[in-house]
Every structure is written in C-alpha cells, then in structure tokens.
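Trainee: File name query-v7.csv; file contents CSV, C-alpha atoms; full text below.
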```csv
chain,number,residue,atom,x,y,z
A,1,MET,CA,0.0,0.0,0.0
A,2,SER,CA,1.5,3.3,-1.1
A,3,GLY,CA,-1.2,5.8,0.0
A,4,THR,CA,-2.3,7.3,3.2
A,5,ILE,CA,-5.8,5.9,3.1
A,6,PRO,CA,-6.0,2.5,4.9
A,7,ILE,CA,-7.6,-0.4,3.1
A,8,LEU,CA,-8.8,-3.4,5.1
A,9,ARG,CA,-9.6,-6.8,3.8
A,10,MET,CA,-12.5,-8.9,5.2
A,11,GLY,CA,-12.8,-12.1,3.2
A,12,ASP,CA,-13.5,-11.1,-0.4
A,13,VAL,CA,-14.5,-7.5,0.6
A,14,LEU,CA,-12.4,-4.4,0.9
A,15,LEU,CA,-13.2,-1.9,3.5
A,16,THR,CA,-11.8,1.6,3.3
A,17,THR,CA,-12.5,4.8,5.1
A,18,VAL,CA,-11.7,8.1,3.4
A,19,HIS,CA,-11.3,10.7,6.1
A,20,VAL,CA,-8.3,12.7,4.9
A,21,GLU,CA,-8.3,15.7,2.6
A,22,LEU,CA,-7.9,14.3,-0.9
A,23,ARG,CA,-5.1,15.8,-2.9
A,24,ASP,CA,-4.2,14.7,-6.4
A,25,ALA,CA,-1.3,12.5,-5.1
A,26,VAL,CA,-3.4,10.9,-2.3
A,27,ALA,CA,-6.3,10.3,-4.7
A,28,GLU,CA,-4.2,8.6,-7.3
A,29,ALA,CA,-2.5,6.4,-4.8
A,30,PHE,CA,-5.8,5.5,-3.3
A,31,GLN,CA,-7.2,4.4,-6.7
A,32,ALA,CA,-4.0,2.4,-7.5
A,33,ASP,CA,-4.1,0.8,-4.0
A,34,VAL,CA,-7.7,-0.3,-4.3
A,35,LEU,CA,-7.2,-1.7,-7.8
A,36,ALA,CA,-4.1,-3.6,-6.7
A,37,ALA,CA,-5.9,-5.0,-3.7
A,38,ILE,CA,-8.8,-6.1,-5.8
A,39,GLU,CA,-6.5,-8.0,-8.1
A,40,LYS,CA,-4.4,-9.5,-5.4
A,41,GLY,CA,-7.2,-10.6,-3.1
A,42,GLN,CA,-9.9,-11.9,-5.5
A,43,ILE,CA,-12.1,-9.1,-4.2
A,44,ARG,CA,-15.8,-9.0,-5.1
A,45,GLY,CA,-17.0,-6.0,-3.1
A,46,LEU,CA,-15.6,-2.6,-2.1
A,47,VAL,CA,-17.1,-0.5,0.7
A,48,ILE,CA,-16.0,3.1,0.9
A,49,ASP,CA,-17.0,4.8,4.2
A,50,ILE,CA,-17.1,8.6,3.8
A,51,SER,CA,-18.8,9.5,7.1
A,52,GLY,CA,-15.7,11.3,8.1
A,53,LEU,CA,-15.8,13.7,5.1
A,54,ASP,CA,-17.4,17.1,5.8
A,55,MET,CA,-17.2,18.2,2.2
A,56,VAL,CA,-17.4,16.5,-1.1
A,57,ASP,CA,-16.8,18.8,-4.1
A,58,THR,CA,-16.9,17.6,-7.7
A,59,TYR,CA,-13.2,16.7,-7.5
A,60,VAL,CA,-13.7,14.3,-4.5
A,61,ALA,CA,-16.9,13.1,-6.1
A,62,ARG,CA,-15.1,12.3,-9.3
A,63,ILE,CA,-12.4,10.4,-7.5
A,64,LEU,CA,-15.0,8.3,-5.7
A,65,ALA,CA,-17.2,7.6,-8.7
A,66,GLU,CA,-14.1,6.9,-10.9
A,67,THR,CA,-12.9,4.4,-8.3
A,68,GLY,CA,-16.3,2.7,-8.4
A,69,ARG,CA,-16.2,2.5,-12.2
A,70,MET,CA,-12.7,1.1,-12.2
A,71,ALA,CA,-13.6,-1.5,-9.6
A,72,ARG,CA,-16.6,-2.4,-11.7
A,73,LEU,CA,-14.5,-3.1,-14.7
A,74,MET,CA,-12.6,-5.6,-12.5
A,75,GLY,CA,-15.9,-7.3,-11.5
A,76,THR,CA,-16.2,-5.6,-8.1
A,77,VAL,CA,-19.3,-3.9,-6.7
A,78,THR,CA,-18.7,-0.6,-4.9
A,79,VAL,CA,-20.9,0.7,-2.1
A,80,LEU,CA,-20.4,4.2,-0.8
A,81,CYS,CA,-21.7,4.7,2.7
A,82,GLY,CA,-22.1,7.3,5.4
A,83,MET,CA,-22.6,10.4,3.2
A,84,ARG,CA,-23.8,13.2,5.4
A,85,PRO,CA,-27.1,14.8,4.5
A,86,GLU,CA,-25.6,18.2,3.6
A,87,ILE,CA,-23.2,16.5,1.3
A,88,ALA,CA,-25.9,14.6,-0.5
A,89,ALA,CA,-27.9,17.8,-0.9
A,90,THR,CA,-24.9,19.7,-2.2
A,91,LEU,CA,-24.0,17.1,-4.8
A,92,VAL,CA,-27.6,16.9,-6.1
A,93,ARG,CA,-27.9,20.7,-6.2
A,94,MET,CA,-24.7,20.9,-8.2
A,95,GLY,CA,-26.1,18.3,-10.6
A,96,TYR,CA,-23.3,15.8,-10.0
A,97,PRO,CA,-24.2,12.2,-11.1
A,98,MET,CA,-22.6,9.7,-8.8
A,99,ASP,CA,-22.6,6.9,-11.5
A,100,GLY,CA,-20.6,3.8,-10.8
A,101,VAL,CA,-21.4,3.4,-7.1
A,102,HIS,CA,-24.2,2.1,-4.9
A,103,ALA,CA,-25.0,3.9,-1.7
A,104,ALA,CA,-25.9,3.0,1.9
A,105,LEU,CA,-26.7,4.9,5.1
A,106,ASP,CA,-23.8,3.5,7.1
A,107,LEU,CA,-21.2,0.8,7.3
A,108,ASP,CA,-23.5,-1.9,8.5
A,109,GLU,CA,-26.0,-1.2,5.8
A,110,GLY,CA,-23.2,-0.9,3.3
A,111,LEU,CA,-22.1,-4.5,4.0
A,112,GLU,CA,-25.7,-5.6,4.0
A,113,ARG,CA,-26.3,-3.9,0.6
A,114,LEU,CA,-23.2,-5.6,-0.8
A,115,ARG,CA,-24.5,-9.0,0.3
A,116,SER,CA,-27.9,-8.4,-1.4
A,117,LEU,CA,-26.3,-7.0,-4.5
A,118,ARG,CA,-24.1,-10.1,-4.8
A,119,GLY,CA,-26.9,-12.5,-4.1
A,120,ARG,CA,-28.7,-11.1,-7.1
A,121,ARG,CA,-26.0,-11.9,-9.5
B,1,MET,CA,-32.0,48.7,-0.4
B,2,THR,CA,-29.8,48.8,2.7
B,3,PRO,CA,-26.1,49.4,1.9
B,4,ILE,CA,-23.7,46.6,2.4
B,5,THR,CA,-21.0,47.1,5.0
B,6,VAL,CA,-17.8,45.0,4.8
B,7,THR,CA,-16.9,44.1,8.4
B,8,SER,CA,-13.9,42.0,7.8
B,9,ARG,CA,-11.6,41.1,4.9
B,10,ARG,CA,-9.0,38.4,4.5
B,11,GLU,CA,-6.9,37.8,1.4
B,12,MET,CA,-5.4,34.3,0.9
B,13,PRO,CA,-3.0,33.3,-1.9
B,14,VAL,CA,-3.9,30.4,-4.2
B,15,GLU,CA,-0.6,29.1,-5.5
B,16,VAL,CA,-0.3,25.4,-4.5
B,17,GLU,CA,-2.7,22.6,-4.1
B,18,ASP,CA,-2.8,22.9,-0.3
B,19,ASP,CA,-4.0,26.5,-0.7
B,20,VAL,CA,-7.3,25.0,-2.0
B,21,ILE,CA,-7.7,23.2,1.3
B,22,LEU,CA,-6.7,26.3,3.4
B,23,VAL,CA,-9.1,28.6,1.7
B,24,ARG,CA,-11.9,26.1,2.0
B,25,ARG,CA,-11.2,25.5,5.7
B,26,ALA,CA,-11.2,29.3,6.3
B,27,VAL,CA,-14.6,29.7,4.7
B,28,ARG,CA,-16.0,26.6,6.5
B,29,ASP,CA,-14.8,27.8,9.9
B,30,LEU,CA,-16.2,31.2,9.3
B,31,ALA,CA,-19.6,29.9,8.2
B,32,GLN,CA,-19.8,27.6,11.2
B,33,ALA,CA,-18.6,30.3,13.6
B,34,ARG,CA,-21.3,32.7,12.3
B,35,GLY,CA,-24.1,30.1,12.7
B,36,PHE,CA,-24.8,29.0,9.2
B,37,ASP,CA,-26.6,25.7,9.3
B,38,ALA,CA,-24.9,22.5,8.0
B,39,PHE,CA,-26.5,22.8,4.5
B,40,ALA,CA,-25.6,26.5,4.0
B,41,SER,CA,-22.1,25.9,5.4
B,42,ALA,CA,-21.5,22.9,3.1
B,43,ALA,CA,-22.9,24.9,0.1
B,44,VAL,CA,-20.5,27.9,0.5
B,45,THR,CA,-17.6,25.7,1.5
B,46,THR,CA,-18.1,23.4,-1.6
B,47,ALA,CA,-18.5,26.4,-4.0
B,48,THR,CA,-15.3,27.8,-2.5
B,49,SER,CA,-13.5,24.6,-3.0
B,50,GLU,CA,-14.6,24.4,-6.7
B,51,LEU,CA,-13.6,28.0,-7.5
B,52,THR,CA,-10.3,27.9,-5.6
B,53,ARG,CA,-9.4,24.6,-7.4
B,54,ASN,CA,-10.4,26.3,-10.7
B,55,ILE,CA,-7.7,28.9,-10.1
B,56,TRP,CA,-5.1,26.3,-9.2
B,57,VAL,CA,-5.9,24.1,-12.2
B,58,HIS,CA,-6.6,26.7,-14.9
B,59,ALA,CA,-4.7,29.8,-13.9
B,60,ASP,CA,-1.9,28.3,-11.8
B,61,LYS,CA,-2.2,31.1,-9.2
B,62,GLY,CA,-4.4,33.8,-7.9
B,63,VAL,CA,-6.1,35.0,-4.8
B,64,ALA,CA,-9.2,34.3,-2.7
B,65,VAL,CA,-10.6,37.2,-0.7
B,66,ILE,CA,-13.0,36.3,2.1
B,67,GLU,CA,-15.2,39.1,3.4
B,68,GLU,CA,-17.9,39.4,6.0
B,69,LEU,CA,-20.9,41.5,5.0
B,70,SER,CA,-23.7,43.1,6.9
B,71,THR,CA,-26.8,44.9,5.7
B,72,GLY,CA,-28.4,45.3,9.1
B,73,ASP,CA,-30.8,42.4,8.8
B,74,ARG,CA,-28.6,40.1,6.9
B,75,TYR,CA,-25.1,38.7,7.4
B,76,GLY,CA,-23.2,37.4,4.5
B,77,ILE,CA,-20.0,35.7,3.5
B,78,ARG,CA,-18.5,36.9,0.2
B,79,VAL,CA,-15.6,35.2,-1.4
B,80,THR,CA,-13.9,36.7,-4.5
B,81,PHE,CA,-11.7,34.5,-6.6
B,82,ARG,CA,-9.3,36.4,-8.8
B,83,ASP,CA,-6.7,35.2,-11.3
B,84,GLU,CA,-4.8,36.4,-14.2
B,85,GLY,CA,-5.0,33.1,-16.1
B,86,PRO,CA,-6.3,32.3,-19.6
B,87,GLY,CA,-9.8,33.5,-19.0
B,88,ILE,CA,-12.9,31.6,-20.1
B,89,ALA,CA,-13.7,31.6,-23.8
B,90,HIS,CA,-17.2,30.0,-23.7
B,91,VAL,CA,-18.7,31.5,-20.6
B,92,ASP,CA,-22.3,30.6,-21.5
B,93,ARG,CA,-21.5,27.0,-22.2
B,94,VAL,CA,-19.4,26.7,-19.1
B,95,LEU,CA,-22.2,28.2,-16.9
B,96,ALA,CA,-24.7,25.9,-18.5
B,97,GLY,CA,-22.7,23.0,-17.1
B,98,GLY,CA,-21.2,19.9,-18.6
B,99,PHE,CA,-18.6,21.8,-20.6
B,100,SER,CA,-15.1,21.0,-19.6
B,101,THR,CA,-11.7,21.7,-20.9
B,102,ALA,CA,-9.8,20.1,-18.1
B,103,ARG,CA,-10.3,16.7,-16.5
B,104,SER,CA,-13.6,17.1,-14.8
B,105,LEU,CA,-17.3,17.0,-15.6
B,106,GLY,CA,-17.4,20.7,-16.1
B,107,LEU,CA,-19.9,21.2,-13.2
B,108,GLY,CA,-17.6,23.3,-11.0
B,109,LEU,CA,-18.8,26.7,-12.1
B,110,SER,CA,-22.4,25.9,-12.9
B,111,GLY,CA,-22.7,23.8,-9.8
B,112,SER,CA,-21.2,26.6,-7.6
B,113,ARG,CA,-23.6,29.1,-8.9
B,114,ARG,CA,-26.5,26.8,-7.8
B,115,LEU,CA,-25.1,26.6,-4.3
B,116,VAL,CA,-24.9,30.3,-3.5
B,117,ASP,CA,-27.3,33.3,-3.3
B,118,ASP,CA,-25.3,35.8,-5.4
B,119,PHE,CA,-22.9,34.8,-8.2
B,120,ARG,CA,-21.0,37.1,-10.5
B,121,LEU,CA,-18.4,36.2,-13.1
B,122,GLU,CA,-16.1,38.5,-15.1
B,123,THR,CA,-13.6,37.0,-17.5
B,124,THR,CA,-11.5,38.2,-20.4
B,125,VAL,CA,-9.7,35.8,-22.6
B,126,GLY,CA,-5.9,36.2,-22.1
B,127,GLN,CA,-6.3,38.4,-19.0
B,128,GLY,CA,-8.0,36.5,-16.3
B,129,THR,CA,-11.2,35.7,-14.4
B,130,THR,CA,-12.9,37.0,-11.3
B,131,VAL,CA,-15.7,35.1,-9.7
B,132,GLU,CA,-17.6,36.5,-6.7
B,133,ILE,CA,-20.0,34.5,-4.6
B,134,VAL,CA,-22.2,35.5,-1.6
B,135,LYS,CA,-24.0,33.3,0.9
B,136,TRP,CA,-26.5,35.2,3.0
B,137,LYS,CA,-28.1,34.5,6.4
B,138,SER,CA,-30.9,36.3,8.1
B,139,ILE,CA,-29.9,37.8,11.5
```
Would you mind giving the structure from this file in structure tokens?
Mentor:
Amino acid sequence: MSGTIPILRMGDVLLTTVHVELRDAVAEAFQADVLAAIEKGQIRGLVIDISGLDMVDTYVARILAETGRMARLMGTVTVLCGMRPEIAATLVRMGYPMDGVHAALDLDEGLERLRSLRGRR
Amino acid sequence: MTPITVTSRREMPVEVEDDVILVRRAVRDLAQARGFDAFASAAVTTATSELTRNIWVHADKGVAVIEELSTGDRYGIRVTFRDEGPGIAHVDRVLAGGFSTARSLGLGLSGSRRLVDDFRLETTVGQGTTVEIVKWKSI
C-alpha cells in the first residue's frame, strides 16, 4: 500500500475509510491501491466509508465515482456509505451524477447492501 | 435597499494545491462560527473549493478574498476568486454546465452558482477571471 488511506480486507470484501483531505497524489495512490488490492485478493466487493468527510466537491466526487467504475471493470461492486445529508444535498444541487457506485446509510447497511447485490447476480 | 457594510476582509493566496484546502477551511470555519446551518455551510464551502481549485488548475495562481458583509438584517460571507489566467472563452456554455476543458465533468462553475445566493463572473480571454459568490443568512 503506497497511499495514506488505509484499506482493510475482510474475506473477499475491501473496506476503506476516506477521512483525509484528498489531494491529487493521495487520490491517485488510493485508486491504485484499491485496484491492486482487488486484483491480489480476488475481491468481489468494495465498501468506501465517507462518514468522516465534511465536504465533497466535484473533485472528490469524481475520485470516488471513478474508483467505483474502475472497480466495476474488474468485477467488483462498490458501495459508498455514510454520506452526510448536507453533502448529499450539495451534490444533487450541483447536478453531480454519482454513477458507478451504490450507496448505503452507514457501514452496517453498506455491508448488507453488498450482500444483497451479490446475491442477485 | 440597505447598503452593504464590509466588516472583515482576509486575502489568501492560491498558489499550491494545499491552498485550496486552506481557503476552503477558512470559509467553513467562518460559516460555522457565524451560525450558518450545515447545509448552507456545506454549500458555500463546496463552492469555495470548486472555485479555488479552478484557479489552481486553470490559472496556476491567484487569490481568494474572504469578506464578511452586513446589511443590518442580513449577514453574508462573500468570497472573491481572482486570477490572471487564460480566462474563459465560452462562458455561456461553461455556466450551463457539462462543458469542460480540463479533467472534470465541467460542473464546477455551474454547480457553484446553484449553491450560493449571489454569483458574479467576469472574464477576459488572455487576461483572467474574477468570480464573486455570496451566501446570506438572516440575522
């Protein structure tokens, strides 16, 4: 792992919490780390907890959505969880489409969501 | 119309990527200290982040000026973003959203405008861009 965002593995699921300010270098390292971990660990699900973020602008939103789309190309489902209400409102008002990721209220629901998404396939 | 009084002014440089974070934090702290609710605070902070990043990405450097405004019955935070970068050639298209020259969805300017109460943009190709936003709060 080269970045500063920790990525935990639980079975075939990756669990990561984004709580630091994303800079270009951190964001790129995060995406590279996630993709490398997916390949190495036969990962089928990625959960990104963003409950620690107090702001998501289009830059951060793009990094998150892009990560989800990259993971999807490798066969992994991404669930974004813990988005604060004011962030959800801000992204919608700006017209940002969060394509590529599913969403859940919190970490528990995120894992549950992942289970049901995978059961469907 | 009640005249607007500027009660404080702080100018911050935008020259490196970390300045984007510093300017955004300054606006967020101010909004929270002055009692903006979470939604209004996130709105002005996010717009600030977009517009500061625009300076850094498109113009390389510039300044952000954070001012506190008062009209007697309203308190406002005004942030002015000024650069001497390339300017914006297709302002109408950019403000309509979805038009991007750099690596983004092109929602930064149009999205920012939707998040604030007042939005003003002046740009001249080859000379630079100034964007001014205000978020108001009833006292």
Trainee: Counting only C-alpha atoms, give me one row per residue of chain A with an atom at most 9 Å from an atom of chain B, showing the shortest contact pair and its distance in Å to one decimal, sorted by chain then residue number, as a Markdown table.
Mentor:
```
| residue | atom | partner | partner_atom | distance |
| --- | --- | --- | --- | --- |
| A:Glu21 | CA | B:Ile21 | CA | 7.6 |
| A:Arg23 | CA | B:Glu17 | CA | 7.3 |
| A:Asp24 | CA | B:Glu17 | CA | 8.4 |
| A:Asp54 | CA | B:Ala42 | CA | 7.6 |
| A:Met55 | CA | B:Ala42 | CA | 6.4 |
| A:Val56 | CA | B:Thr46 | CA | 7.0 |
| A:Asp57 | CA | B:Thr46 | CA | 5.4 |
| A:Thr58 | CA | B:Gly108 | CA | 6.6 |
| A:Tyr59 | CA | B:Ser104 | CA | 7.3 |
| A:Arg62 | CA | B:Ser104 | CA | 7.5 |
| A:Pro85 | CA | B:Phe39 | CA | 8.0 |
| A:Glu86 | CA | B:Phe39 | CA | 4.8 |
| A:Ile87 | CA | B:Ala42 | CA | 6.9 |
| A:Ala89 | CA | B:Phe39 | CA | 7.5 |
| A:Thr90 | CA | B:Ala43 | CA | 6.0 |
| A:Leu91 | CA | B:Gly111 | CA | 8.5 |
| A:Arg93 | CA | B:Arg114 | CA | 6.5 |
| A:Met94 | CA | B:Gly111 | CA | 3.9 |
| A:Gly95 | CA | B:Gly111 | CA | 6.5 |
| A:Tyr96 | CA | B:Leu107 | CA | 7.1 |
```
Trainee: Take the residues from that selection and write them out as a PDB file, in the coordinates of the input, keeping C-alpha atoms.
Mentor:
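Okay, this is what ended up in result.pdb:
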```pdb
ATOM      1  CA  GLU A  21      -8.300  15.700   2.600  1.00  0.00           C
ATOM      2  CA  ARG A  23      -5.100  15.800  -2.900  1.00  0.00           C
ATOM      3  CA  ASP A  24      -4.200  14.700  -6.400  1.00  0.00           C
ATOM      4  CA  ASP A  54     -17.400  17.100   5.800  1.00  0.00           C
ATOM      5  CA  MET A  55     -17.200  18.200   2.200  1.00  0.00           C
ATOM      6  CA  VAL A  56     -17.400  16.500  -1.100  1.00  0.00           C
ATOM      7  CA  ASP A  57     -16.800  18.800  -4.100  1.00  0.00           C
ATOM      8  CA  THR A  58     -16.900  17.600  -7.700  1.00  0.00           C
ATOM      9  CA  TYR A  59     -13.200  16.700  -7.500  1.00  0.00           C
ATOM     10  CA  ARG A  62     -15.100  12.300  -9.300  1.00  0.00           C
ATOM     11  CA  PRO A  85     -27.100  14.800   4.500  1.00  0.00           C
ATOM     12  CA  GLU A  86     -25.600  18.200   3.600  1.00  0.00           C
ATOM     13  CA  ILE A  87     -23.200  16.500   1.300  1.00  0.00           C
ATOM     14  CA  ALA A  89     -27.900  17.800  -0.900  1.00  0.00           C
ATOM     15  CA  THR A  90     -24.900  19.700  -2.200  1.00  0.00           C
ATOM     16  CA  LEU A  91     -24.000  17.100  -4.800  1.00  0.00           C
ATOM     17  CA  ARG A  93     -27.900  20.700  -6.200  1.00  0.00           C
ATOM     18  CA  MET A  94     -24.700  20.900  -8.200  1.00  0.00           C
ATOM     19  CA  GLY A  95     -26.100  18.300 -10.600  1.00  0.00           C
ATOM     20  CA  TYR A  96     -23.300  15.800 -10.000  1.00  0.00           C
TER      21      TYR A  96
END
```
Trainee: With all atoms of stretch 34-53 of chain B from the file as input, state the centre and edge lengths in Å to one decimal of the axis-aligned box that has 4 Å extra on each side, as JSON.
Mentor:
```
{"center_x": -18.0, "center_y": 27.6, "center_z": 2.6, "size_x": 25.2, "size_y": 18.2, "size_z": 28.2}
```
Trainee: For atom CA of A:Ala103 and atom CA of B:Asp29, quote the distance in Å rounded to one decimal.
Mentor: 28.5 Å
Trainee: Select, from B:Val23, B:Val116, B:Val125, B:Val91, the residue with the minimum atom-to-atom distance to B:Gly76, counting only C-alpha atoms.
Mentor: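 Counting only C-alpha atoms, the residue closest to B:Gly76 is B:Val116.
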Trainee: Skipping near chain neighbours, those fewer than 2 positions away, what residues fall within 12 Å of A:Met10 using only C-alpha atoms, listed as a PyMOL selection string?
Mentor: chain A and resi 7-8+12-16+37-38+41-47+111
Trainee: List as a list in words the protein and nucleic acid residues near A:Gln31, meaning an atom at most 9 Å away when all atoms listed in the file are counted, but skip any in the same chain fewer than 3 places from it.
Mentor: Val26, Ala27, Glu28, Val34, Leu35, Ala36, Ile63, Leu64, Glu66, Thr67 and Met70 of chain A
Trainee: Rounded to one decimal place, report the atom CA of B:Thr123-atom CA of B:Arg10 distance in Å.
Mentor: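 Answer for the atom CA of B:Thr123 to atom CA of B:Arg10 separation: 22.5 Å.
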Trainee: Which value, in Å to one decimal, gives the distance between atom CA of B:Thr80 and atom CA of B:Gly35?
Mentor: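 Between these atoms lies a distance of 21.1 Å.
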Trainee: Have a look at A:Gly119, A:Gly110, A:Gly52, A:Gly75 and name the one nearest to A:Glu39; count all atoms listed in the file.
Mentor: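 Answer, going by the shortest atom-to-atom distance: A:Gly75.
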